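J.: Below you will find the structure I want to go over with you.
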Amino acid sequence: MERDPLGGAPPLPAAAEDHDRPRRRFLLSLGWGGLALLFAATVPGLLRFLGLYARRDGRGAVGVGLLNDYRASTVTTRWVSRHGLWIVHREGRLFALEARCTHLGCTTRWIPESDVFQCPCHGSRFSPEGAALNGPATQPLSRLAIRLERDQVVVDRYMKASMEEAERDPRFFIRA
Ligand code: FES
């Protein structure tokens, strides 16, 4: 057998190398498999961190208090600054409206004396149901999905529908 002039281990004979190849391949695939698993486990967390996953799977859910907190014929303003939404209780239904004006995105204000939402930027007005009453906005305020989890009212800020769709879709109102 030939000796390494630098004193290292002698080279393996060709038969031994062939014998080691499947083992090496196995260890390599084990390593890649581990990396793939690690990647799969961290991607959802990363996407959630970036705010992408939340949009896709509707995890924009926020708790907005108990059903009993909402009196009939009221518009609740307490979630506007934190979550950008109105909770409206009208004619036996509780529903959520996105507070964002459909013209250029300013946050609307509730004017109880006039029973309308008004946009401070260019004056658009919306009914308590979200319908556009005066321009320049022509589209209604978006409805947001709403549900009960035990007694807790939960709004999904990433699941939206137009006013017409939401009127027919029970995911967008709670009978109350
Ligand atoms: S942004 Fe609301 S009317 Fe223009």
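In the structure tokens, the first chain shown is A, the next is B, and so on; residue numbers restart at 1 for each chain, and ligands run from 1 in the order shown.
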Which residues are near ligand 1 - at most 7 Å, using only C-alpha atoms and all ligand atoms? Format: as a list in words.

T.: Cys101, Thr102, His103, Leu104, Gly105, Cys106, Cys119, Pro120, Cys121, His122, Gly123, Ser124, Gly135, Pro136 and Ala137 of chain A

J.: Do you know which residues are at most 8 Å from Arg171 in chain A counting only C-alpha atoms, after dropping those on the same chain fewer than 6 positions away, and could you put them as a count of residues only?

T.: 3

J.: Calculate how many Å separate CA of Pro140 in chain A from CA of Leu94 in chain A, rounding to one decimal.

T.: 17.2 Å

J.: Taking only C-alpha atoms into account, name the residue in A:Leu97, A:Pro128, A:Tyr158, A:Val88 that is nearest to Asp69 in chain A.

T.: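 The closest residue to Asp69 in chain A is A:Val88.
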
J.: Contacts of Arg157 in chain A at 8 Å or less, counting only C-alpha atoms, minus same-chain residues fewer than 3 places along, as a PyMOL selection string?

T.: chain A and resi 58+60-62+98+144-145+160

J.: Using only C-alpha atoms, find the one residue out of A:Pro22, A:Pro170, A:Gly31, A:Gly130 that sits nearest to Arg100 in chain A.

T.: A:Gly130

J.: Within 10 Å of Trp110 in chain A, counting only C-alpha atoms, which residues qualify if same-chain residues fewer than 6 places away don't, as JSON, numbers by chain?

T.: {"A": [75, 76, 77, 86, 99, 116, 117, 118, 119, 125, 126, 127, 128]}

J.: Go ahead and compute the interatomic distance for CA of Ile87 in chain A and CA of Gly63 in chain A, in Å to one decimal.

T.: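 Distance reported for this atom pair: 11.8 Å.
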